[in-house]
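Here is the file protein_8.cif (mmCIF, C-alpha atoms and all ligand atoms).
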data_start
#
loop_
_atom_site.label_atom_id
_atom_site.label_comp_id
_atom_site.auth_asym_id
_atom_site.auth_seq_id
_atom_site.Cartn_x
_atom_site.Cartn_y
_atom_site.Cartn_z
CA MET P 1 82.02 -128.48 182.15
CA ILE P 2 79.54 -125.60 182.18
CA GLU P 3 76.81 -125.53 184.80
CA LEU P 4 73.78 -123.29 184.73
CA VAL P 5 71.52 -123.34 187.76
CA GLY P 6 68.26 -121.40 187.70
CA LEU P 7 69.90 -118.92 185.33
CA THR P 8 67.57 -116.00 184.68
CA LYS P 9 68.15 -112.72 182.87
CA ALA P 10 65.44 -110.11 182.51
CA TYR P 11 65.72 -106.84 180.59
CA ARG P 12 62.94 -104.78 182.19
CA ALA P 13 59.75 -106.72 181.43
CA ARG P 14 61.42 -109.03 178.87
CA VAL P 15 62.73 -112.28 180.30
CA ALA P 16 65.55 -113.30 177.92
CA VAL P 17 66.61 -116.38 179.90
CA ASP P 18 64.11 -118.02 182.20
CA ASP P 19 65.20 -120.30 185.06
CA LEU P 20 67.62 -122.31 182.96
CA THR P 21 69.22 -125.32 184.65
CA VAL P 22 71.49 -127.42 182.48
CA THR P 23 74.97 -128.97 182.55
CA ILE P 24 77.15 -129.01 179.45
CA GLU P 25 79.42 -132.05 179.72
CA PRO P 26 82.97 -132.40 178.41
CA GLY P 27 83.97 -134.86 175.71
CA ARG P 28 81.15 -134.13 173.33
CA VAL P 29 79.89 -131.41 171.03
CA THR P 30 76.73 -129.85 172.43
CA GLY P 31 74.58 -127.98 169.94
CA PHE P 32 72.83 -124.94 171.39
CA LEU P 33 69.66 -124.32 169.41
CA GLY P 34 66.62 -122.11 169.56
CA PRO P 35 64.62 -119.66 167.46
CA ASN P 36 65.71 -116.03 167.08
CA GLY P 37 65.53 -114.24 170.39
CA SER P 38 65.25 -117.42 172.47
CA GLY P 39 68.14 -116.43 174.75
CA LYS P 40 71.18 -118.31 173.42
CA THR P 41 73.53 -115.33 173.17
CA THR P 42 72.35 -113.96 176.50
CA THR P 43 73.11 -117.34 178.09
CA LEU P 44 76.60 -117.42 176.57
CA ARG P 45 77.21 -113.85 177.72
CA CYS P 46 76.18 -114.82 181.27
CA VAL P 47 78.62 -117.77 181.19
CA LEU P 48 81.41 -115.42 180.09
CA GLY P 49 80.63 -112.85 182.79
CA LEU P 50 79.70 -110.24 180.15
CA THR P 51 76.10 -110.05 181.33
CA ARG P 52 75.10 -110.22 184.97
CA PRO P 53 72.25 -112.68 185.59
CA THR P 54 69.12 -111.38 187.33
CA SER P 55 69.19 -114.58 189.39
CA GLY P 56 70.76 -118.02 189.31
CA THR P 57 74.34 -118.94 188.49
CA ALA P 58 76.55 -119.84 185.57
CA THR P 59 79.87 -121.55 186.27
CA VAL P 60 82.65 -122.87 184.06
CA LEU P 61 84.89 -125.64 185.40
CA GLY P 62 83.23 -125.13 188.77
CA ARG P 63 83.78 -121.37 189.10
CA PRO P 64 82.25 -118.16 187.82
CA TYR P 65 84.17 -117.12 184.68
CA ARG P 66 85.33 -113.89 186.28
CA SER P 67 87.07 -115.73 189.10
CA LEU P 68 89.12 -117.97 186.77
CA ARG P 69 92.83 -117.16 187.14
CA HIS P 70 93.81 -117.56 183.49
CA PRO P 71 90.46 -117.31 181.71
CA MET P 72 91.79 -117.67 178.13
CA ARG P 73 93.62 -120.87 179.10
CA ARG P 74 90.41 -122.30 180.46
CA VAL P 75 87.69 -120.91 178.21
CA GLY P 76 87.79 -119.89 174.55
CA ALA P 77 84.87 -117.97 173.12
CA LEU P 78 83.66 -116.75 169.77
CA ILE P 79 80.77 -114.49 170.52
CA ASP P 80 81.19 -111.14 168.82
CA PRO P 81 83.65 -111.45 165.92
CA ALA P 82 83.19 -107.78 165.00
CA ALA P 83 84.62 -106.64 168.35
CA ARG P 84 88.21 -106.04 167.25
CA HIS P 85 90.32 -103.14 166.12
CA PRO P 86 89.81 -102.82 162.32
CA ALA P 87 93.21 -101.20 161.70
CA ARG P 88 95.15 -104.06 163.31
CA THR P 89 96.44 -106.95 161.27
CA ALA P 90 95.24 -110.45 162.11
CA HIS P 91 98.68 -111.26 163.44
CA ALA P 92 98.86 -108.12 165.59
CA HIS P 93 95.34 -108.75 166.92
CA LEU P 94 96.26 -112.27 168.08
CA ARG P 95 99.64 -111.16 169.39
CA ALA P 96 98.01 -108.44 171.51
CA LEU P 97 95.54 -110.98 172.87
CA ALA P 98 98.37 -113.40 173.69
CA GLN P 99 100.45 -110.71 175.39
CA THR P 100 97.63 -109.30 177.52
CA ASN P 101 96.64 -112.79 178.62
CA GLY P 102 100.08 -114.15 179.38
CA LEU P 103 99.95 -116.70 176.56
CA PRO P 104 103.01 -117.84 174.58
CA VAL P 105 103.34 -115.60 171.51
CA ASP P 106 104.47 -118.51 169.33
CA ARG P 107 100.88 -119.84 169.55
CA VAL P 108 99.91 -116.94 167.26
CA ASP P 109 101.53 -118.34 164.09
CA GLU P 110 100.35 -121.82 165.00
CA MET P 111 96.74 -120.65 165.25
CA ILE P 112 96.97 -118.58 162.06
CA ASP P 113 98.12 -121.73 160.23
CA LEU P 114 95.44 -123.84 161.88
CA VAL P 115 92.59 -121.57 160.70
CA GLY P 116 94.10 -121.09 157.23
CA LEU P 117 94.81 -117.34 157.39
CA GLU P 118 98.56 -117.47 156.58
CA SER P 119 98.21 -115.51 153.34
CA VAL P 120 96.35 -112.61 155.00
CA ALA P 121 98.00 -112.67 158.45
CA HIS P 122 99.52 -109.22 157.87
CA GLU P 123 96.44 -107.58 156.40
CA ARG P 124 94.13 -105.32 158.38
CA VAL P 125 91.18 -107.14 159.88
CA GLY P 126 88.91 -104.27 158.81
CA SER P 127 89.25 -105.56 155.24
CA PHE P 128 88.35 -109.14 156.14
CA SER P 129 85.30 -110.91 154.74
CA LEU P 130 82.76 -112.38 157.16
CA GLY P 131 84.29 -115.84 156.75
CA MET P 132 87.86 -114.62 157.30
CA GLY P 133 86.65 -112.78 160.41
CA GLN P 134 85.09 -116.00 161.70
CA ARG P 135 88.35 -117.87 161.15
CA LEU P 136 90.20 -115.18 163.07
CA GLY P 137 87.62 -115.39 165.87
CA ILE P 138 88.15 -119.15 166.07
CA ALA P 139 91.93 -118.63 166.17
CA ALA P 140 91.45 -116.21 169.08
CA ALA P 141 89.19 -118.66 170.91
CA LEU P 142 91.81 -121.43 170.59
CA LEU P 143 94.80 -119.25 171.43
CA GLY P 144 94.93 -120.30 175.08
CA ASP P 145 94.43 -124.03 174.29
CA PRO P 146 91.30 -123.91 176.50
CA ASP P 147 89.37 -126.76 178.13
CA VAL P 148 86.02 -125.18 177.30
CA LEU P 149 84.85 -123.64 174.02
CA LEU P 150 81.79 -121.46 173.52
CA LEU P 151 81.12 -120.67 169.90
CA ASP P 152 78.17 -118.54 168.81
CA GLU P 153 77.35 -119.27 165.15
CA PRO P 154 80.94 -120.23 164.20
CA VAL P 155 80.08 -121.28 160.65
CA ASN P 156 78.27 -118.04 159.85
CA GLY P 157 79.76 -116.77 156.59
CA LEU P 158 82.02 -119.76 156.00
CA ASP P 159 82.16 -121.53 152.63
CA PRO P 160 81.43 -125.28 152.44
CA GLU P 161 85.09 -126.16 152.89
CA GLY P 162 85.24 -123.89 155.95
CA ILE P 163 82.07 -125.40 157.38
CA ARG P 164 83.52 -128.89 157.04
CA TRP P 165 86.75 -127.73 158.63
CA VAL P 166 84.87 -126.31 161.67
CA ARG P 167 82.90 -129.55 161.98
CA GLU P 168 86.09 -131.64 162.07
CA LEU P 169 87.80 -129.19 164.41
CA LEU P 170 84.93 -129.33 166.93
CA ARG P 171 84.88 -133.12 166.76
CA ASP P 172 88.64 -133.29 167.45
CA LEU P 173 88.36 -130.82 170.34
CA ALA P 174 85.55 -132.84 171.92
CA ASP P 175 87.46 -136.09 171.39
CA GLU P 176 90.35 -134.55 173.32
CA GLY P 177 87.95 -134.28 176.27
CA ARG P 178 87.11 -130.60 176.01
CA THR P 179 83.70 -129.08 176.56
CA VAL P 180 82.33 -127.71 173.29
CA LEU P 181 79.13 -125.65 173.18
CA VAL P 182 78.18 -124.35 169.77
CA SER P 183 75.14 -122.45 168.57
CA SER P 184 73.93 -122.53 165.00
CA HIS P 185 70.81 -122.01 162.94
CA LEU P 186 72.02 -124.47 160.30
CA MET P 187 70.21 -127.65 161.27
CA SER P 188 71.76 -129.91 158.64
CA GLU P 189 75.15 -128.78 159.84
CA MET P 190 74.22 -129.40 163.49
CA GLU P 191 72.94 -132.84 162.63
CA ASP P 192 76.41 -133.75 161.35
CA THR P 193 78.30 -132.00 164.16
CA ALA P 194 76.58 -132.27 167.54
CA ASP P 195 76.32 -135.33 169.80
CA HIS P 196 74.02 -133.65 172.26
CA LEU P 197 71.46 -130.84 172.02
CA VAL P 198 70.27 -128.13 174.33
CA VAL P 199 67.26 -126.35 172.86
CA LEU P 200 65.80 -123.09 174.14
CA GLY P 201 62.43 -121.51 173.38
CA ARG P 202 61.50 -118.10 174.80
CA GLY P 203 64.37 -118.38 177.28
CA ARG P 204 63.26 -121.75 178.62
CA LEU P 205 64.76 -125.19 178.25
CA LEU P 206 62.82 -127.20 175.66
CA ALA P 207 65.20 -130.14 175.36
CA ASP P 208 68.49 -131.41 176.80
CA MET P 209 69.15 -134.77 175.19
CA PRO P 210 71.41 -136.78 172.90
CA MET P 211 70.87 -135.98 169.24
CA ALA P 212 69.97 -139.62 168.59
CA ASP P 213 67.17 -139.49 171.20
CA LEU P 214 65.61 -136.37 169.70
CA LEU P 215 65.68 -137.96 166.25
CA ASP P 216 64.23 -141.19 167.70
CA GLN P 217 61.39 -139.26 169.32
CA HIS P 218 60.47 -137.88 165.95
CA ALA P 219 60.92 -141.11 164.04
CA ALA P 220 57.97 -142.92 162.46
CA VAL P 221 57.34 -146.37 161.01
CA ARG P 222 56.15 -147.00 157.48
CA VAL P 223 54.28 -150.25 157.06
CA ARG P 224 52.56 -151.73 154.02
CA SER P 225 50.11 -154.60 154.20
CA PRO P 226 47.37 -156.03 151.98
CA GLN P 227 45.24 -155.89 155.16
CA GLY P 228 45.89 -152.20 155.86
CA PRO P 229 42.58 -151.28 157.56
CA LEU P 230 42.82 -154.24 159.95
CA LEU P 231 46.40 -153.33 160.88
CA ALA P 232 45.54 -149.63 161.28
CA ALA P 233 42.73 -150.51 163.69
CA ALA P 234 45.02 -152.77 165.75
CA LEU P 235 47.70 -150.08 165.93
CA ARG P 236 45.22 -147.37 166.91
CA ARG P 237 43.92 -149.55 169.74
CA LEU P 238 47.44 -149.29 171.22
CA GLY P 239 47.37 -145.50 170.97
CA ALA P 240 49.45 -145.11 167.80
CA VAL P 241 48.76 -142.24 165.41
CA VAL P 242 48.22 -143.84 162.01
CA GLU P 243 48.00 -142.02 158.70
CA LEU P 244 47.38 -143.42 155.25
CA GLU P 245 50.09 -142.57 152.71
CA LEU P 246 49.36 -141.97 149.02
CA ASP P 247 50.66 -145.39 147.98
CA GLY P 248 48.44 -147.16 150.53
CA ALA P 249 51.18 -147.65 153.14
CA LEU P 250 50.57 -146.61 156.77
CA ARG P 251 52.69 -144.06 158.57
CA VAL P 252 52.72 -144.92 162.27
CA GLU P 253 53.82 -142.61 165.08
CA GLY P 254 54.04 -143.53 168.74
CA LEU P 255 55.20 -147.14 168.36
CA GLY P 256 58.63 -148.52 167.45
CA LEU P 257 59.49 -150.77 164.54
CA ASP P 258 59.48 -153.96 166.64
CA GLN P 259 56.17 -153.09 168.25
CA VAL P 260 54.50 -152.51 164.89
CA GLY P 261 55.81 -155.90 163.70
CA ASP P 262 54.54 -157.59 166.86
CA VAL P 263 51.10 -155.98 166.55
CA ALA P 264 50.86 -157.20 162.95
CA PHE P 265 51.86 -160.71 164.00
CA ALA P 266 49.35 -160.77 166.87
CA ALA P 267 46.58 -159.54 164.54
CA GLY P 268 47.48 -162.16 161.92
CA VAL P 269 48.21 -159.45 159.36
CA ARG P 270 50.68 -160.06 156.49
CA LEU P 271 53.31 -157.39 155.88
CA HIS P 272 54.91 -156.36 152.60
CA GLU P 273 57.07 -153.61 154.05
CA LEU P 274 58.23 -152.44 157.47
CA THR P 275 60.60 -149.45 157.52
CA ARG P 276 61.79 -146.96 160.12
CA ILE P 277 61.65 -143.37 158.89
CA THR P 278 63.91 -140.85 160.57
CA GLU P 279 63.07 -137.20 160.28
CA SER P 280 65.83 -134.69 159.69
CA LEU P 281 66.97 -132.66 162.67
CA GLU P 282 65.35 -129.68 160.98
CA ALA P 283 61.92 -131.35 161.00
CA ALA P 284 62.34 -132.50 164.62
CA TYR P 285 63.53 -129.05 165.64
CA LEU P 286 60.66 -127.24 163.93
CA GLU P 287 58.17 -129.52 165.65
CA LEU P 288 59.86 -129.01 169.03
CA THR P 289 60.09 -125.23 168.80
CA GLY P 290 56.89 -124.55 166.84
CA ASP P 291 55.08 -122.88 169.74
CA ALA P 292 58.16 -120.99 170.91
CA VAL P 293 58.86 -119.04 167.72
CA GLU P 294 58.41 -115.33 168.33
CA TYR P 295 59.48 -113.88 165.02
CA ARG P 296 57.89 -115.49 162.01
CA ALA P 297 57.58 -114.16 158.47
CA SER P 298 53.99 -113.54 157.47
CA GLY P 299 52.49 -116.23 155.24
CA LEU P 300 54.12 -119.10 157.12
N1 LIG P 401 71.02 -105.75 175.99
C1 LIG P 401 69.73 -106.07 175.82
N2 LIG P 401 68.75 -105.21 176.17
C2 LIG P 401 67.45 -105.53 176.02
N3 LIG P 401 67.01 -106.72 175.54
C3 LIG P 401 67.92 -107.61 175.15
C4 LIG P 401 69.34 -107.34 175.28
N4 LIG P 401 70.02 -108.43 174.84
C5 LIG P 401 69.08 -109.34 174.44
N5 LIG P 401 67.84 -108.84 174.64
C6 LIG P 401 66.58 -109.54 174.36
O1 LIG P 401 66.63 -110.83 174.95
C7 LIG P 401 66.03 -111.79 174.10
C8 LIG P 401 67.03 -112.92 173.85
O2 LIG P 401 68.04 -112.44 172.97
P1 LIG P 401 69.31 -113.31 172.55
O3 LIG P 401 70.16 -112.44 171.69
O4 LIG P 401 69.92 -113.91 173.76
O5 LIG P 401 68.64 -114.46 171.68
P2 LIG P 401 69.30 -115.49 170.67
O6 LIG P 401 68.68 -116.82 170.99
O7 LIG P 401 70.78 -115.41 170.76
O8 LIG P 401 68.77 -114.96 169.28
P3 LIG P 401 69.38 -115.10 167.79
O9 LIG P 401 69.18 -116.52 167.40
O10 LIG P 401 68.52 -114.19 167.01
O11 LIG P 401 70.82 -114.69 167.85
C9 LIG P 401 65.60 -111.07 172.85
O12 LIG P 401 64.23 -110.78 172.96
C10 LIG P 401 66.41 -109.80 172.87
O13 LIG P 401 65.70 -108.75 172.26
#
Would you mind writing the structure in this file as structure tokens?
Ligand SMILES: Nc1ncnc2c1ncn2[C@@H]1O[C@H](COP(=O)(O)OP(=O)(O)OP(=O)(O)O)[C@@H](O)[C@H]1O
Amino acid sequence: MIELVGLTKAYRARVAVDDLTVTIEPGRVTGFLGPNGSGKTTTLRCVLGLTRPTSGTATVLGRPYRSLRHPMRRVGALIDPAARHPARTAHAHLRALAQTNGLPVDRVDEMIDLVGLESVAHERVGSFSLGMGQRLGIAAALLGDPDVLLLDEPVNGLDPEGIRWVRELLRDLADEGRTVLVSSHLMSEMEDTADHLVVLGRGRLLADMPMADLLDQHAAVRVRSPQGPLLAAALRRLGAVVELELDGALRVEGLGLDQVGDVAFAAGVRLHELTRITESLEAAYLELTGDAVEYRASGL
């Protein structure tokens, strides 16, 4: 479990993380989302004791990271894959990590196999592609068989097979009861991976909810009736937002499928179609974070 209480980090006048209170529970994959510069990496760095909060606390398994006795056995992190000695081989890099952290050295080969780097285990990491570097970073994070995993953009640079592998790996780790917090900008990927979402905007908490609830909040109902205007009026009286689609159907927001059916029945309106429309996570996310985007390309 990871607990943030009033976590705040300011760099001079810029508040990177603003009074963030949230608990990341074990046994599920929590997606950590937010626009560029919204404070995700700063939050992860505070959890790992790499950045000192201005105020508030960040604890892992009930303690500040720096006071954990065997940190790599408790917490695995992928946060800055470039931070490794380029002249070392992948194997030597992991072996050095194992030795300095009192971990069994035979885990090294096991992890190299797990992430699929057997064929390049004795090549220098300086020659690695972005995706190979990510795989090595994941191997390092898992080296201590930790209870908690913090992964900043783990699928960055991975090919589709690698992305699917990470998705299945995270699912397995969560199913084993571990705490898995993973940031990504790939919404379609997150939609398939995360059970729960924590969304930041300008350093503040915008959402902390199950994925299904966020998608439900942004769901709509499509309804088609030969008495469309009558139905639209009845729905609007209940506060629904009703729009006319090109084919004459109504798109209804603010009421659920059953409610729309009940309203139609009560108004004596015949229905030819009643369908729930779920938005993609990307659409829900863009709506949620729209006002919190700081860096936007011109023309959008
Ligand atoms: N060491 C630092 N010194 C000054 N400002 C910083 C520092 N680290 C981060 N910031 C600022 O804090 C804000 C949050 O940055 P952070 O990297 O945490 O965001 P992020 O959500 O991880 O962004 P991205 O999605 O682009 O990786 C940004 O405005 C950034 O410029």
What residues have an atom no more than 9 Å from (56.0, -143.0, 168.0) in the file's own frame, counting all atoms listed in the file, and can you write them as a VMD selection string? chain P and resid 216 to 221 240 to 241 252 to 256
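Distances from P:Gly6, P:Gly268, P:Pro146, P:Pro104 to Thr59 (chain P) were compared using all atoms listed in the file, and the smallest one belongs to P:Gly6.
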Calculated over all atoms listed in the file, which of the candidates P:Phe32, P:Phe265, P:Tyr285, P:Phe128 has the smallest distance to Thr193 (chain P)?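 Ranked by minimum distance to Thr193 (chain P), first place goes to P:Phe32.
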Local residues around (90.5, -103.7, 162.0), at most 9 Å away, using all atoms listed in the file, as JSON, numbers by chain: {"P": [82, 84, 85, 86, 87, 88, 89, 90, 93, 124, 125, 126, 127, 128]}
Using all atoms listed in the file, the shortest atom-to-atom distance to Leu44 (chain P) among P:Leu281, P:Ala16, P:Ala140, P:Val108 belongs to P:Ala16
